[in-house]
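J.: Structure provided below as structure tokens; questions to follow.
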Amino acid sequence: MQSVKPALQSTENDGRAFPLLSTIASEKWFIGAHIFVALAALSIGILLGPYQAFRRAPAFLLQIDLPVFSYYYQALTAHGVLNALVFTTFFIMGSSYFVVQRSLQRPLKSMQAAWVAFWLMTVGLLMAAFAIITGQASVLYTFYPPMQAEWTFYLGLALVIVGTWVGLADVFATYFDWRKEHPGQKVPLAVYAILCNFAMWFTASLGVAIEVLFMLLPMSLGLIDTTDVQVARILFWFFGHPLVYFWLIPAYVSWYTMMPKQLGVRLFSDTMGRVVFLMLMIFSIPIGVHHLYVDPGVSEAAKFMHALLTFVVAAPSLLTIFNLAATLERSGRKRGATGLLDWMWKQPWGNPVIVSQFGGMILFIFGGITGIMNASFNLNVALHNTTWVVGHFHTTVGGAVFMTYIGMLYWMLPMLRGRKLFWRWAATLQAYLWLGGMLIFGGSMGRAGLEGAIRRTDLAGQGAYISDAVAPWLNMSAFAGFLLLISAVLLYVVVIGTLFFSKEESENVAPLATEGPKDEYAPGIFEKWNLWVVVIIGSNIVMWLPVLLSAVDLVNGFWAVGNPGAAR
Amino acid sequence: MHIERYEKLWIYAFVIMLAVFVAALMAGAILFNVRVPGSAGLINPANLDETAFANPGIHDMGDGNYEVYMVARMWSFQPSEIVVPEGAHVTFYVTSADVTHGFIIEHHNANLEVLPGVIGVTNTTFNTPGTFKLQCHEYCGRGHQMMHIDIIVEETEVALAANEE
Ligand code: HEM
Ligand SMILES: [Cu+2]
């Protein structure tokens, strides 16, 4: 180690392997700002969830007039964008900086760059939010053309993405500095996972960046009047599937590296953890066509190829089950379990940080199974765009990801604020209510979908159709929406309480770097980034080029089809 | 790389499981012909009048086979009702005249994204008499929820006679 950043030469370090909070420059405000924006966006997005569930239930059919959101699809756009795009992205950037700084024990290479990234994202968010709130962008969070939104919506989203690029470049720069100073040492697993996540995210976001900058933005500015809808959808899902892993990997980071520390045990296998993140980085992009199984302009062969590879991406999650179960067994044994399975119960079920993550894991079992079903090629024909899919992704992004992020929040917030979590019992109750609510919500939406209920539809709107078979299930989902609403309110009580009303000081402990047994080797193949860049580029050319070529209108060109009334 | 014994067994187990899943979906596709929809080509949404979509409707191809040419536009389908006899095997050709729409038939394996510029094709057999909704399942603007039509599957006389016996 040649040089140590001054900020880290803390005298308060008293032999611990990690620096104290105060020693990392402005962590409190910097990470806090990301979490603040994430929670602010979520506060609106999350309330729209129960509104939708109530409105779609025949027993309620509430014609509530919301302030600001004058009609269903505008609210649904806000729900998808604020929850799934904004809350996640800000939380991921903030928590990733937190993990990287603490694990590598150094501040980010450039604090200025990281703040620039934050403001780019925030300005972008405000532009997109402005367009949605004023009703000029009711295009849902997938914004398929040729339906158009106001240009501020697209430019705003583009700025959010560019902001993440600046932030992730900063993280990579920080890592490479660390790498130089620590030859032959492997990077902590948490940081490795975050690097994989960012590498994957950068690659994937090129797809949507091209779609937005060259197709949608020019169209909404009136520079071009037609665009190829099928190509736009392909570019979107080049991004869209890795997007869901972009959400998931930070949750895995918490399960793999924070939770063992919170439970007082060691992760079972550090190496297999690395295998998992490496696989996720490589395999989450060349499988995106499984979102396009019923698209008319993509060849059946391409759909089948992507279906096969989709089964490969199940492997890292299955590996995760083993690794985490083995880790939890250690935790259970430590708490007195002796039998074959009693370690499952001997866990700290009253600790909100842990319970929230366990809840996420339980929901992810359902999310994983339903995900494999969705991915099953021909089976998808029975499920695509039914409420089954809504059930699925509320157990994944609205379940596993959301609950784990909240678990992370309950852990990070006291450290950042310097005060203990406010009303711990309420936080625990919040987690159980969300788990129960989402189990009921997922189950009832799934069942309704099998009976033929469709998603993305204002079932209380004029002329809507609800069959008798789906009605009871939709009612049940509204009941779940009620539980989830209470849970959401509790979440904000705990957050605001911790920020402003908590009196007791919290201890500031965040050792993050996890290591395996000492003899495990190092950086080895895992950090051979040149190799992985080649693999990523190569596999995506092989898997995506045929898809694009099969869809694009070679005779009339990229812009030719799509817009009504456009002469060709 | 060192992998624990039980972890190895777990890996073998799930590789076999995933292989079985893949085999099942291939069997479905090849043996039972449960397929995902493909494309029947590109089309100019501005010139539908000069194509087979000029007169949306149902065509009897004989032997219980039917073809339906269907146009989706904000916020209706043409034809606005479809009547077929029990047992009819129907091939749907669907395209959009404006934005992206969807196509799904209750309790039948027929599911499509309906894009302007592309002709989607799917087929299904109507074995049970009754009324089934064909709905638009992709958000297409304010009136999206109004986009659904009835498919009426009538009992055939042969079947009626058989029932009476
Ligand atoms: C309070 C709890 C929640 C309830 C009751 C709820 C309810 C719903 C309902 C009923 C829909 C379907 C509407 C439709 O298809 O017409 C929906 C869509 C969606 N929800 Fe939630 N939700 C909740 C929380 C969340 C959270 C926390 C997330 C993500 C972090 C999320 C992400 C989504 C997404 C991405 C969609 C799809 C939007 C679209 O189709 O464009 N939801 N939600
Ligand atoms: Cu429609």
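Every chain in the structure tokens has a letter given in the order shown (A, B, ...), and although residue numbers restart at 1 in each chain, ligands are simply numbered from 1 in the order shown.
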Show which residues sit within 12 Å of B:Pro85, as a list in words. Count only C-alpha atoms, and ignore same-chain residues fewer than 2 positions away.
T.: Asp60, Asp63, Gly64, Asn65, Tyr66, Ile82, Val83, Gly87, Ala88, His89, Val90, Thr125, Phe126, Asn127, Thr128, Pro129, Gly130, Thr131, Ile151, Ile152, Val153, Glu154, Glu155, Thr156, Glu157, Val158, Ala159 and Leu160 of chain B
J.: Counting only C-alpha atoms, a student should be able to say which residues of chain A come within 6 Å of chain B; what is the right answer, written as a list in words?
T.: Pro146, Met147, Val294, Asp295, Pro296, Gly297, Glu300, Asn378, Val381, Ala382, Gly452, Ile454, Thr457, Asp458, Gly463, Ala464, Val561, Gly562, Pro564 and Gly565 of chain A
J.: Residues contacting ligand 1 - anything with an atom at most 8 Å away, using only C-alpha atoms and all ligand atoms - can you give me those as a ChimeraX atom specification?
T.: /A:42,45-54,56,73,76-77,79-81,83-84,87-88,140-142,387,390,393-394,397-399,401-402,438,441,454-459,477-478,480-482,484-485,487-488
J.: What lies within 10 Å of A:Phe143 using only C-alpha atoms, ignoring chain neighbours under 6 positions off, as a compact mmCIF listing (two decimals) with N, CA, C and O atoms, in the first residue's frame?
T.:
# COMPACT_ATOMS: atom_id res chain seq x y z
N THR A 77 -48.53 5.33 -15.13
CA THR A 77 -47.20 5.73 -15.62
C THR A 77 -46.33 6.17 -14.45
O THR A 77 -45.17 5.76 -14.32
N ALA A 137 -47.24 12.85 -20.61
CA ALA A 137 -46.40 11.66 -20.81
C ALA A 137 -47.08 10.43 -20.26
O ALA A 137 -46.47 9.63 -19.57
N ALA A 149 -44.70 10.93 -25.98
CA ALA A 149 -44.74 11.79 -24.81
C ALA A 149 -44.05 13.10 -25.17
O ALA A 149 -43.37 13.20 -26.18
N PHE A 153 -39.97 14.38 -21.17
CA PHE A 153 -39.99 13.04 -20.58
C PHE A 153 -38.79 12.22 -21.05
O PHE A 153 -38.05 11.65 -20.25
N TYR A 154 -38.58 12.21 -22.37
CA TYR A 154 -37.48 11.41 -22.91
C TYR A 154 -36.13 12.00 -22.52
O TYR A 154 -35.21 11.27 -22.14
N VAL A 212 -33.95 6.13 -27.26
CA VAL A 212 -34.45 7.45 -26.85
C VAL A 212 -33.83 8.56 -27.71
O VAL A 212 -34.54 9.42 -28.23
N LEU A 216 -37.05 8.18 -30.27
CA LEU A 216 -38.17 8.79 -29.57
C LEU A 216 -38.03 10.30 -29.43
O LEU A 216 -38.98 11.05 -29.68
N ALA A 232 -37.82 -0.37 -32.02
CA ALA A 232 -37.81 0.34 -30.74
C ALA A 232 -38.04 -0.63 -29.59
O ALA A 232 -37.38 -0.56 -28.56
N ARG A 233 -38.97 -1.55 -29.77
CA ARG A 233 -39.24 -2.53 -28.70
C ARG A 233 -38.03 -3.44 -28.46
O ARG A 233 -37.74 -3.81 -27.33
N PHE A 236 -35.57 -1.47 -26.55
CA PHE A 236 -36.01 -1.30 -25.17
C PHE A 236 -35.72 -2.55 -24.36
O PHE A 236 -35.22 -2.49 -23.23
N TYR B 139 -51.54 -1.27 -23.49
CA TYR B 139 -52.06 0.08 -23.31
C TYR B 139 -51.97 0.88 -24.61
O TYR B 139 -50.93 0.93 -25.26
J.: So that I can check the surroundings of stretch 470-475 of chain A, please list as a ChimeraX atom specification every protein, DNA and RNA residue that reaches within 6 Å of it, counting only C-alpha atoms and ignoring chain neighbours fewer than 2 positions away.
T.: /A:57,444,448,451,467-468,477-478
J.: Dump N, CA, C and O atoms for the selected residues as an mmCIF file, in the first residue's frame?
T.:
data_model
loop_
_atom_site.group_PDB
_atom_site.id
_atom_site.type_symbol
_atom_site.label_atom_id
_atom_site.label_comp_id
_atom_site.auth_asym_id
_atom_site.auth_seq_id
_atom_site.Cartn_x
_atom_site.Cartn_y
_atom_site.Cartn_z
ATOM 1 N N ALA A 57 -60.751 -3.402 -8.602
ATOM 2 C CA ALA A 57 -61.528 -4.427 -7.919
ATOM 3 C C ALA A 57 -63.019 -4.131 -8.039
ATOM 4 O O ALA A 57 -63.463 -3.069 -7.636
ATOM 5 N N SER A 444 -53.197 -13.517 -5.739
ATOM 6 C CA SER A 444 -54.499 -13.207 -6.336
ATOM 7 C C SER A 444 -54.350 -12.624 -7.740
ATOM 8 O O SER A 444 -55.136 -12.946 -8.631
ATOM 9 N N ALA A 448 -55.941 -14.368 -10.994
ATOM 10 C CA ALA A 448 -56.793 -13.594 -11.899
ATOM 11 C C ALA A 448 -56.254 -13.670 -13.326
ATOM 12 O O ALA A 448 -57.013 -13.805 -14.288
ATOM 13 N N GLU A 451 -57.136 -16.717 -15.064
ATOM 14 C CA GLU A 451 -58.543 -16.688 -15.480
ATOM 15 C C GLU A 451 -58.759 -15.690 -16.613
ATOM 16 O O GLU A 451 -59.884 -15.481 -17.050
ATOM 17 N N SER A 467 -64.706 -10.307 -16.150
ATOM 18 C CA SER A 467 -65.507 -11.526 -16.125
ATOM 19 C C SER A 467 -65.758 -11.962 -14.688
ATOM 20 O O SER A 467 -65.036 -11.577 -13.769
ATOM 21 N N ASP A 468 -66.788 -12.792 -14.509
ATOM 22 C CA ASP A 468 -67.115 -13.259 -13.164
ATOM 23 C C ASP A 468 -65.973 -14.074 -12.569
ATOM 24 O O ASP A 468 -65.787 -14.107 -11.360
ATOM 25 N N SER A 477 -57.001 -8.903 -4.392
ATOM 26 C CA SER A 477 -55.795 -8.096 -4.569
ATOM 27 C C SER A 477 -55.995 -6.708 -3.968
ATOM 28 O O SER A 477 -55.052 -6.088 -3.488
ATOM 29 N N ALA A 478 -57.238 -6.241 -3.968
ATOM 30 C CA ALA A 478 -57.508 -4.935 -3.352
ATOM 31 C C ALA A 478 -57.365 -5.022 -1.836
ATOM 32 O O ALA A 478 -56.864 -4.104 -1.192
#
J.: As an NGL selection string, list the residues of chain B assigned to alpha helix (DSSP H) by DSSP on the backbone atoms of this structure.
T.: :B and (5-30 or 157-164)
J.: I'd like to know which residues of chain B are strand (DSSP E or B) (by DSSP, run on the backbone); could you write them as a PyMOL selection string?
T.: chain B and resi 38-42+57-62+65-73+76-78+81-85+88-96+101-105+111-114+116+118-126+130-135+148-154
J.: Quick check, in Å to one decimal: how far apart do atom CA of A:Val312 and atom CA of A:Val208 lie?
T.: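 Straight-line distance from atom CA of A:Val312 to atom CA of A:Val208 works out to 24.0 Å.
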J.: Which residue gives the smallest distance to ligand 2 among B:Phe132, B:Tyr93, B:Phe77, B:Tyr12, with only C-alpha atoms and all ligand atoms counted?
T.: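 Counting only C-alpha atoms and all ligand atoms, the residue closest to ligand 2 is B:Phe77.
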J.: Find the spatial neighbours of A:Phe304, counting only C-alpha atoms, within a cut-off of 9 Å - ignore same-chain residues fewer than 6 positions away - and output them as a list of chain:residue names.
T.: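 Here the qualifying residues turn out to be A:Val289, A:His290, A:Tyr293, A:Phe377.
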J.: With all heavy atoms retained, write the just-selected residues as a PDB file, in the first residue's frame.
T.:
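Saved result, again-v8.pdb, follows:
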ATOM      1  N   VAL A 289     -35.029 -11.216 -25.350  1.00  0.00           N
ATOM      2  CA  VAL A 289     -36.160 -11.476 -26.252  1.00  0.00           C
ATOM      3  C   VAL A 289     -37.270 -12.263 -25.542  1.00  0.00           C
ATOM      4  O   VAL A 289     -38.397 -12.314 -26.019  1.00  0.00           O
ATOM      5  CB  VAL A 289     -35.655 -12.186 -27.535  1.00  0.00           C
ATOM      6  CG1 VAL A 289     -36.792 -12.737 -28.360  1.00  0.00           C
ATOM      7  CG2 VAL A 289     -34.858 -11.199 -28.377  1.00  0.00           C
ATOM      8  N   HIS A 290     -36.982 -12.802 -24.369  1.00  0.00           N
ATOM      9  CA  HIS A 290     -38.079 -13.496 -23.675  1.00  0.00           C
ATOM     10  C   HIS A 290     -39.182 -12.524 -23.240  1.00  0.00           C
ATOM     11  O   HIS A 290     -40.219 -12.959 -22.763  1.00  0.00           O
ATOM     12  CB  HIS A 290     -37.572 -14.378 -22.523  1.00  0.00           C
ATOM     13  CG  HIS A 290     -37.008 -13.646 -21.359  1.00  0.00           C
ATOM     14  ND1 HIS A 290     -35.933 -14.080 -20.644  1.00  0.00           N
ATOM     15  CD2 HIS A 290     -37.376 -12.485 -20.767  1.00  0.00           C
ATOM     16  CE1 HIS A 290     -35.683 -13.236 -19.664  1.00  0.00           C
ATOM     17  NE2 HIS A 290     -36.535 -12.260 -19.724  1.00  0.00           N
ATOM     18  N   TYR A 293     -41.824 -12.585 -26.688  1.00  0.00           N
ATOM     19  CA  TYR A 293     -42.282 -13.856 -27.256  1.00  0.00           C
ATOM     20  C   TYR A 293     -43.492 -13.709 -28.165  1.00  0.00           C
ATOM     21  O   TYR A 293     -43.654 -14.480 -29.097  1.00  0.00           O
ATOM     22  CB  TYR A 293     -42.643 -14.834 -26.124  1.00  0.00           C
ATOM     23  CG  TYR A 293     -41.465 -15.503 -25.468  1.00  0.00           C
ATOM     24  CD1 TYR A 293     -41.512 -15.827 -24.120  1.00  0.00           C
ATOM     25  CD2 TYR A 293     -40.316 -15.845 -26.186  1.00  0.00           C
ATOM     26  CE1 TYR A 293     -40.449 -16.459 -23.496  1.00  0.00           C
ATOM     27  CE2 TYR A 293     -39.254 -16.475 -25.569  1.00  0.00           C
ATOM     28  CZ  TYR A 293     -39.319 -16.775 -24.227  1.00  0.00           C
ATOM     29  OH  TYR A 293     -38.272 -17.401 -23.608  1.00  0.00           O
ATOM     30  N   PHE A 377     -41.032 -19.880 -22.992  1.00  0.00           N
ATOM     31  CA  PHE A 377     -41.360 -19.866 -24.417  1.00  0.00           C
ATOM     32  C   PHE A 377     -42.855 -19.981 -24.655  1.00  0.00           C
ATOM     33  O   PHE A 377     -43.578 -19.023 -24.429  1.00  0.00           O
ATOM     34  CB  PHE A 377     -40.583 -21.014 -25.060  1.00  0.00           C
ATOM     35  CG  PHE A 377     -40.504 -20.985 -26.558  1.00  0.00           C
ATOM     36  CD1 PHE A 377     -39.934 -19.917 -27.215  1.00  0.00           C
ATOM     37  CD2 PHE A 377     -40.974 -22.055 -27.294  1.00  0.00           C
ATOM     38  CE1 PHE A 377     -39.838 -19.912 -28.593  1.00  0.00           C
ATOM     39  CE2 PHE A 377     -40.874 -22.061 -28.683  1.00  0.00           C
ATOM     40  CZ  PHE A 377     -40.311 -20.992 -29.324  1.00  0.00           C
TER      41      PHE A 377
END
J.: Go ahead and compute the interatomic distance for atom CA of A:Arg266 and atom CA of A:Phe176, in Å to one decimal.
T.: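 The value is 26.8 Å.
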